[in-house]
file entry.pdb (PDB, C-alpha atoms and all ligand atoms)
ATOM      1  CA  MET O 839      95.867  99.966 104.760
ATOM      2  CA  LEU O 840      92.130  99.446 105.027
ATOM      3  CA  LYS O 841      91.009  98.295 108.454
ATOM      4  CA  ASP O 842      88.579  95.650 107.291
ATOM      5  CA  GLN O 843      90.966  93.888 104.988
ATOM      6  CA  PRO O 844      93.626  91.460 106.076
ATOM      7  CA  PRO O 845      97.098  92.785 105.190
ATOM      8  CA  GLU O 846      97.826  90.172 102.559
ATOM      9  CA  ARG O 847      94.835  91.260 100.526
ATOM     10  CA  SER O 848      95.206  95.002 100.771
ATOM     11  CA  LYS O 849      97.450  95.540  97.768
ATOM     12  CA  SER O 850      95.542  93.626  95.153
ATOM     13  CA  PRO O 851      91.804  94.104  94.564
ATOM     14  CA  ARG O 852      91.728  91.043  92.345
ATOM     15  CA  ARG O 853      92.270  88.939  95.453
ATOM     16  CA  SER O 854      89.125  90.126  97.191
ATOM     17  CA  ARG O 855      86.497  87.516  97.902
ATOM     18  CA  ASP O 856      83.754  89.611  96.275
ATOM     19  CA  LYS O 857      85.511  89.350  92.975
ATOM     20  CA  PHE O 858      86.419  85.753  93.388
ATOM     21  CA  ASN O 859      83.415  84.190  91.726
ATOM     22  CA  GLU O 860      82.948  86.795  89.049
ATOM     23  CA  ALA O 861      83.394  85.692  85.497
ATOM     24  CA  PRO O 862      86.996  86.437  84.617
ATOM     25  CA  SER O 863      87.681  89.323  82.304
ATOM     26  CA  LYS O 864      90.354  89.278  79.643
ATOM     27  CA  ASN O 865      92.612  90.874  82.214
ATOM     28  CA  SER O 866      92.003  88.102  84.709
ATOM     29  CA  VAL O 867      95.092  86.595  86.264
ATOM     30  CA  CYS O 868      93.502  83.165  85.976
ATOM     31  CA  ARG O 869      95.739  81.815  83.261
ATOM     32  CA  PRO O 870      94.004  78.413  83.078
ATOM     33  CA  HIS O 871      90.800  80.175  81.986
ATOM     34  CA  GLU O 872      92.614  81.800  79.127
ATOM     35  CA  LYS O 873      93.675  78.348  78.053
ATOM     36  CA  GLY O 874      90.049  77.248  77.903
ATOM     37  CA  PHE O 875      89.539  75.863  81.408
ATOM     38  CA  PRO O 876      86.643  77.050  83.560
ATOM     39  CA  HIS O 877      87.467  79.938  85.876
ATOM     40  CA  MET O 878      87.747  77.622  88.849
ATOM     41  CA  TYR O 879      88.374  73.955  88.720
ATOM     42  CA  VAL O 880      89.347  71.124  90.999
ATOM     43  CA  SER O 881      93.062  70.813  90.650
ATOM     44  CA  ARG O 882      94.696  67.511  89.990
ATOM     45  CA  ASP O 883      97.994  69.206  90.826
ATOM     46  CA  VAL O 884      97.173  69.633  94.495
ATOM     47  CA  GLY O 885      95.590  66.258  95.163
ATOM     48  CA  VAL O 886      96.725  66.240  98.787
ATOM     49  CA  PHE O 887      94.571  69.309  99.347
ATOM     50  CA  ASN O 888      91.372  67.852  97.951
ATOM     51  CA  ARG O 889      89.569  68.430 101.244
ATOM     52  CA  CYS O 890      89.085  71.788 102.920
ATOM     53  CA  PRO O 891      91.516  72.132 105.859
ATOM     54  CA  ASN O 892      88.900  74.221 107.660
ATOM     55  CA  CYS O 893      85.577  72.342 107.262
ATOM     56  CA  GLY O 894      86.648  69.063 105.653
ATOM     57  CA  ALA O 895      84.337  69.416 102.678
ATOM     58  CA  GLY O 896      85.414  68.010  99.341
ATOM     59  CA  GLY O 897      85.443  70.032  96.177
ATOM     60  CA  ILE O 898      88.107  72.506  97.204
ATOM     61  CA  THR O 899      89.228  74.392  94.132
ATOM     62  CA  PHE O 900      92.577  75.698  92.969
ATOM     63  CA  ASP O 901      92.980  78.682  90.668
ATOM     64  CA  GLY O 902      95.938  77.071  88.938
ATOM     65  CA  ILE O 903      98.290  79.693  90.343
ATOM     66  CA  LYS O 904      98.332  79.844  94.136
ATOM     67  CA  LYS O 905      94.853  80.079  95.680
ATOM     68  CA  LEU O 906      92.906  77.179  97.190
ATOM     69  CA  TYR O 907      89.277  77.974  97.926
ATOM     70  CA  CYS O 908      86.506  76.074  99.669
ATOM     71  CA  GLN O 909      83.100  76.598  98.098
ATOM     72  CA  GLU O 910      81.375  75.316 101.247
ATOM     73  CA  CYS O 911      82.839  77.632 103.898
ATOM     74  CA  SER O 912      84.755  80.196 101.788
ATOM     75  CA  PHE O 913      88.014  79.301 103.480
ATOM     76  CA  THR O 914      90.931  80.488 101.349
ATOM     77  CA  LEU O 915      94.477  79.241 101.552
ATOM     78  CA  PHE O 916      97.275  80.887  99.589
ATOM     79  CA  HIS O 917      99.863  78.382  98.430
ATOM     80  CA  ASN O 918     102.327  81.236  98.062
ATOM     81  CA  VAL O 919     105.781  81.240  96.545
ATOM     82  CA  ALA O 920     108.351  80.220  99.157
ATOM     83  CA  ALA O 921     111.713  81.926  99.562
ATOM     84  CA  ALA O 922     114.781  79.739  99.338
ATOM     85  CA  VAL O 923     118.504  80.471  99.320
ATOM     86  CA  ALA O 924     121.614  78.867  97.894
ATOM     87  CA  ALA O 925     125.319  79.588  98.201
ATOM     88  CA  VAL O 926     128.036  79.690  95.598
ATOM     89  CA  LEU O 927     131.069  78.881  97.753
ATOM     90  CA  GLU O 928     134.089  80.088  95.830
ATOM     91  CA  TYR O 929     137.296  78.173  96.458
ATOM     92  CA  GLY O 930     139.830  79.609  94.048
ATOM     93  CA  GLU O 931     138.254  79.268  90.617
ATOM     94  CA  GLN O 932     136.139  76.348  91.742
ATOM     95  CA  ILE O 933     132.864  76.154  93.614
ATOM     96  CA  VAL O 934     131.454  73.614  96.063
ATOM     97  CA  LEU O 935     128.504  71.571  94.825
ATOM     98  CA  ILE O 936     126.635  68.919  96.721
ATOM     99  CA  LYS O 937     125.367  65.627  95.330
ATOM    100  CA  ARG O 938     121.874  65.275  96.738
ATOM    101  CA  SER O 939     121.097  62.168  98.762
ATOM    102  CA  GLN O 940     117.365  62.919  98.957
ATOM    103  CA  GLU O 941     114.541  63.493  96.530
ATOM    104  CA  PRO O 942     113.797  65.703  94.759
ATOM    105  CA  GLY O 943     116.840  65.525  92.542
ATOM    106  CA  LYS O 944     118.451  62.583  94.335
ATOM    107  CA  GLY O 945     121.898  61.865  92.880
ATOM    108  CA  LYS O 946     122.056  65.199  91.062
ATOM    109  CA  LEU O 947     124.173  68.224  91.795
ATOM    110  CA  ASP O 948     122.936  71.261  93.654
ATOM    111  CA  LEU O 949     124.223  74.345  95.357
ATOM    112  CA  PRO O 950     124.046  74.073  99.146
ATOM    113  CA  GLY O 951     121.094  75.916 100.628
ATOM    114  CA  GLY O 952     117.449  75.513 101.544
ATOM    115  CA  PHE O 953     114.214  77.225 102.465
ATOM    116  CA  VAL O 954     114.095  80.462 104.402
ATOM    117  CA  ASP O 955     112.554  79.901 107.824
ATOM    118  CA  PRO O 956     109.782  82.112 109.248
ATOM    119  CA  ASP O 957     111.137  85.402 110.693
ATOM    120  CA  GLU O 958     114.511  84.877 109.074
ATOM    121  CA  SER O 959     116.331  87.047 106.530
ATOM    122  CA  ALA O 960     117.736  85.497 103.358
ATOM    123  CA  GLU O 961     121.261  86.236 104.615
ATOM    124  CA  GLU O 962     120.558  84.529 107.938
ATOM    125  CA  ALA O 963     119.043  81.590 106.080
ATOM    126  CA  VAL O 964     122.039  81.019 103.838
ATOM    127  CA  ARG O 965     124.436  81.249 106.794
ATOM    128  CA  ARG O 966     122.280  78.795 108.781
ATOM    129  CA  GLU O 967     121.954  76.342 105.900
ATOM    130  CA  ILE O 968     125.721  76.300 105.315
ATOM    131  CA  ARG O 969     126.284  75.873 109.053
ATOM    132  CA  GLU O 970     123.829  72.942 109.139
ATOM    133  CA  GLU O 971     124.891  71.252 105.919
ATOM    134  CA  LEU O 972     128.633  71.928 105.824
ATOM    135  CA  SER O 973     129.548  72.991 109.378
ATOM    136  CA  MET O 974     131.036  76.234 108.057
ATOM    137  CA  GLU O 975     130.665  79.869 109.043
ATOM    138  CA  LEU O 976     130.505  82.148 106.028
ATOM    139  CA  GLY O 977     132.238  85.504 105.781
ATOM    140  CA  THR O 978     131.116  88.263 103.435
ATOM    141  CA  LEU O 979     128.091  87.430 101.325
ATOM    142  CA  LYS O 980     127.515  88.860  97.854
ATOM    143  CA  TYR O 981     123.989  88.792  96.466
ATOM    144  CA  LEU O 982     124.053  87.374  92.933
ATOM    145  CA  GLY O 983     120.398  87.421  91.954
ATOM    146  CA  SER O 984     117.239  85.343  92.086
ATOM    147  CA  SER O 985     115.497  82.796  89.931
ATOM    148  CA  PRO O 986     112.121  81.027  90.137
ATOM    149  CA  ASN O 987     112.091  77.323  90.777
ATOM    150  CA  THR O 988     109.726  74.381  91.145
ATOM    151  CA  TYR O 989     110.251  71.963  94.002
ATOM    152  CA  GLU O 990     108.238  68.735  94.083
ATOM    153  CA  TYR O 991     108.060  67.134  97.484
ATOM    154  CA  MET O 992     105.766  64.294  98.589
ATOM    155  CA  GLY O 993     103.188  65.005  95.933
ATOM    156  CA  VAL O 994     103.058  68.748  96.501
ATOM    157  CA  THR O 995     104.386  71.277  94.016
ATOM    158  CA  TYR O 996     106.143  74.152  95.746
ATOM    159  CA  LYS O 997     106.914  77.207  93.675
ATOM    160  CA  THR O 998     109.929  78.993  95.083
ATOM    161  CA  CYS O 999     111.951  82.117  94.482
ATOM    162  CA  ASP O1000     115.569  81.136  94.988
ATOM    163  CA  LEU O1001     118.032  83.813  96.086
ATOM    164  CA  PHE O1002     121.680  83.179  95.318
ATOM    165  CA  PHE O1003     124.664  84.450  97.272
ATOM    166  CA  SER O1004     128.366  83.920  96.776
ATOM    167  CA  SER O1005     131.003  83.770  99.475
ATOM    168  CA  ARG O1006     134.736  83.133  99.282
ATOM    169  CA  ILE O1007     136.060  80.296 101.393
ATOM    170  CA  ASP O1008     139.688  79.639 102.374
ATOM    171  CA  ALA O1009     139.237  75.982 103.241
ATOM    172  CA  LEU O1010     136.968  73.218 102.019
ATOM    173  CA  PRO O1011     134.259  71.807 104.265
ATOM    174  CA  LYS O1012     135.580  68.880 106.307
ATOM    175  CA  VAL O1013     132.245  67.413 107.299
ATOM    176  CA  PHE O1014     128.798  67.518 105.783
ATOM    177  CA  ASP O1015     125.254  66.458 106.595
ATOM    178  CA  LYS O1016     125.006  62.936 105.189
ATOM    179  CA  THR O1017     121.227  62.884 105.502
ATOM    180  CA  GLU O1018     121.054  65.451 102.705
ATOM    181  CA  ILE O1019     124.408  65.187 100.970
ATOM    182  CA  GLU O1020     125.904  62.113  99.324
ATOM    183  CA  GLU O1021     129.207  63.780  98.526
ATOM    184  CA  LEU O1022     130.815  67.130  97.858
ATOM    185  CA  VAL O1023     131.947  68.007  94.344
ATOM    186  CA  LEU O1024     134.478  70.719  93.579
ATOM    187  CA  ALA O1025     134.289  72.095  90.047
ATOM    188  CA  LYS O1026     134.575  75.192  87.929
ATOM    189  CA  PRO O1027     131.076  76.449  87.015
ATOM    190  CA  SER O1028     131.890  75.947  83.316
ATOM    191  CA  GLU O1029     132.704  72.282  83.958
ATOM    192  CA  VAL O1030     129.314  71.339  85.416
ATOM    193  CA  PRO O1031     127.012  69.709  82.838
ATOM    194  CA  ALA O1032     123.564  71.332  82.937
ATOM    195  CA  GLU O1033     121.792  67.952  82.877
ATOM    196  CA  LYS O1034     123.515  66.958  86.106
ATOM    197  CA  ILE O1035     122.136  69.951  88.006
ATOM    198  CA  ALA O1036     119.038  69.121  90.043
ATOM    199  CA  PHE O1037     117.006  72.309  89.594
ATOM    200  CA  GLU O1038     116.299  74.870  86.920
ATOM    201  CA  SER O1039     117.220  77.801  89.173
ATOM    202  CA  GLY O1040     120.628  76.224  89.784
ATOM    203  CA  ARG O1041     121.162  75.854  86.053
ATOM    204  CA  VAL O1042     120.305  79.523  85.570
ATOM    205  CA  CYS O1043     122.659  80.599  88.360
ATOM    206  CA  LEU O1044     125.577  78.544  87.084
ATOM    207  CA  SER O1045     125.091  79.626  83.484
ATOM    208  CA  GLN O1046     125.125  83.268  84.620
ATOM    209  CA  LEU O1047     128.302  82.640  86.578
ATOM    210  CA  VAL O1048     129.913  81.218  83.443
ATOM    211  CA  GLN O1049     128.765  84.164  81.321
ATOM    212  CA  ASN O1050     130.033  86.719  83.851
ATOM    213  CA  VAL O1051     133.521  85.251  84.147
TER
HETATM  214 ZN    ZN Z   1      85.619  74.574 103.909
END

call {"tool": "encode", "arguments": {"input": "entry.pdb", "output": "structure tokens"}}
result
Amino acid sequence: MLKDQPPERSKSPRRSRDKFNEAPSKNSVCRPHEKGFPHMYVSRDVGVFNRCPNCGAGGITFDGIKKLYCQECSFTLFHNVAAAVAAVLEYGEQIVLIKRSQEPGKGKLDLPGGFVDPDESAEEAVRREIREELSMELGTLKYLGSSPNTYEYMGVTYKTCDLFFSSRIDALPKVFDKTEIEELVLAKPSEVPAEKIAFESGRVCLSQLVQNV
């Protein structure tokens, strides 16, 4: 690792500030440019970040992928992909779904889970989320796979990478967190209509479960 580069920039030269304002080449990662947008533009997608969090200047720009940049003070903020986890709780041939009581996806079905906290492993996160939401302690976890997702919350678009785990349970949850969960739904994965699932990653996970049966 080079001493004069922060760790998060060391792997990818295209992230360096020197290259930031260069005209993008055909290999540029700036997909909006390839679609005919200027290399940098003020994003309407991140309206809550329209002022620099460092100097307060307006005109902060977004590369359309993950980087916010202030042209006044050069402050850069990476709106990186967040890790999230979800559990497929297997009760016989059925699984436990939650009906969401909060936006996004209020009233729709979801797998229990949530965001990974700082300094936490994905396994710790899924155990914690199930403890918090369903007051259950999980046994053996099996990693199923991951899927990208988009999570809209209070005007901000969060791109996530959702990691799915399954765990067998011998008893159904008796209590659940009513601030997040309207009710629990027990169903076979093949019985859950895709349009009733809150998020795309959940649809992908359930469809893979059905295919692998
Ligand atoms: Zn600034």

call {"tool": "closest_residue", "arguments": {"input": "entry.pdb", "among": "O:Ile903, O:Lys980, O:Phe913, O:Ser1005", "to": "ligand ZN 1 (chain Z)", "atoms": "all atoms listed in the file"}}
result
O:Phe913

call {"tool": "closest_residue", "arguments": {"input": "entry.pdb", "among": "O:Cys911, O:Cys999, O:Leu1024, O:Val934", "to": "ligand ZN 1 (chain Z)", "atoms": "only C-alpha atoms and all ligand atoms"}}
result
O:Cys911

call {"tool": "resolve_selection", "arguments": {"input": "entry.pdb", "expression": "the PyMOL selection byres (((not hetatm)) within 10 of (chain Z and resi 1))", "output": "PyMOL selection string"}}
result
chain O and resi 889-898+907-914

call {"tool": "closest_residue", "arguments": {"input": "entry.pdb", "among": "O:Pro1031, O:Gly902, O:Gly951, O:Gly993", "to": "His917 in chain O", "atoms": "only C-alpha atoms"}}
result
O:Gly902

call {"tool": "residues_around", "arguments": {"input": "entry.pdb", "residues": "Val919 in chain O", "least_positions_apart": "5", "cutoff": "10 Å", "atoms": "all atoms listed in the file", "output": "PyMOL selection string"}}
result
chain O and resi 903-904+986-988+996-1000

call {"tool": "atom_distance", "arguments": {"input": "entry.pdb", "atom1": "CA of Tyr989 in chain O", "atom2": "CA of Ala963 in chain O"}}
result
17.8 Å

call {"tool": "closest_residue", "arguments": {"input": "entry.pdb", "among": "O:Leu1001, O:Pro942, O:Thr978, O:Val1051", "to": "Pro1027 in chain O", "atoms": "all atoms listed in the file"}}
result
O:Val1051

call {"tool": "closest_residue", "arguments": {"input": "entry.pdb", "among": "O:Lys946, O:Lys1026, O:Lys1034, O:Arg966", "to": "Gly930 in chain O", "atoms": "all atoms listed in the file"}}
result
O:Lys1026

call {"tool": "atom_distance", "arguments": {"input": "entry.pdb", "atom1": "CA of Val1013 in chain O", "atom2": "CA of Met974 in chain O"}}
result
8.9 Å

call {"tool": "closest_residue", "arguments": {"input": "entry.pdb", "among": "O:Glu1038, O:Asp955, O:Glu1029, O:Glu1021", "to": "Ile936 in chain O", "atoms": "all atoms listed in the file"}}
result
O:Glu1021

call {"tool": "residues_near_point", "arguments": {"input": "entry.pdb", "point": "(126.5, 83.4, 96.5)", "cutoff": "6 Å", "atoms": "all atoms listed in the file", "output": "JSON, numbers by chain"}}
result
{"O": [925, 926, 980, 981, 982, 1002, 1003, 1004, 1005]}

call {"tool": "resolve_selection", "arguments": {"input": "entry.pdb", "expression": "the PyMOL selection byres (((chain O and resi 1040-1050) around 7) and not hetatm)", "output": "MDAnalysis selection string"}}
result
chainID O and resid 948:949 1027:1028 1032 1035 1037:1039 1051

call {"tool": "atom_distance", "arguments": {"input": "entry.pdb", "atom1": "CA of Glu970 in chain O", "atom2": "CA of Asn918 in chain O"}}
result
25.6 Å
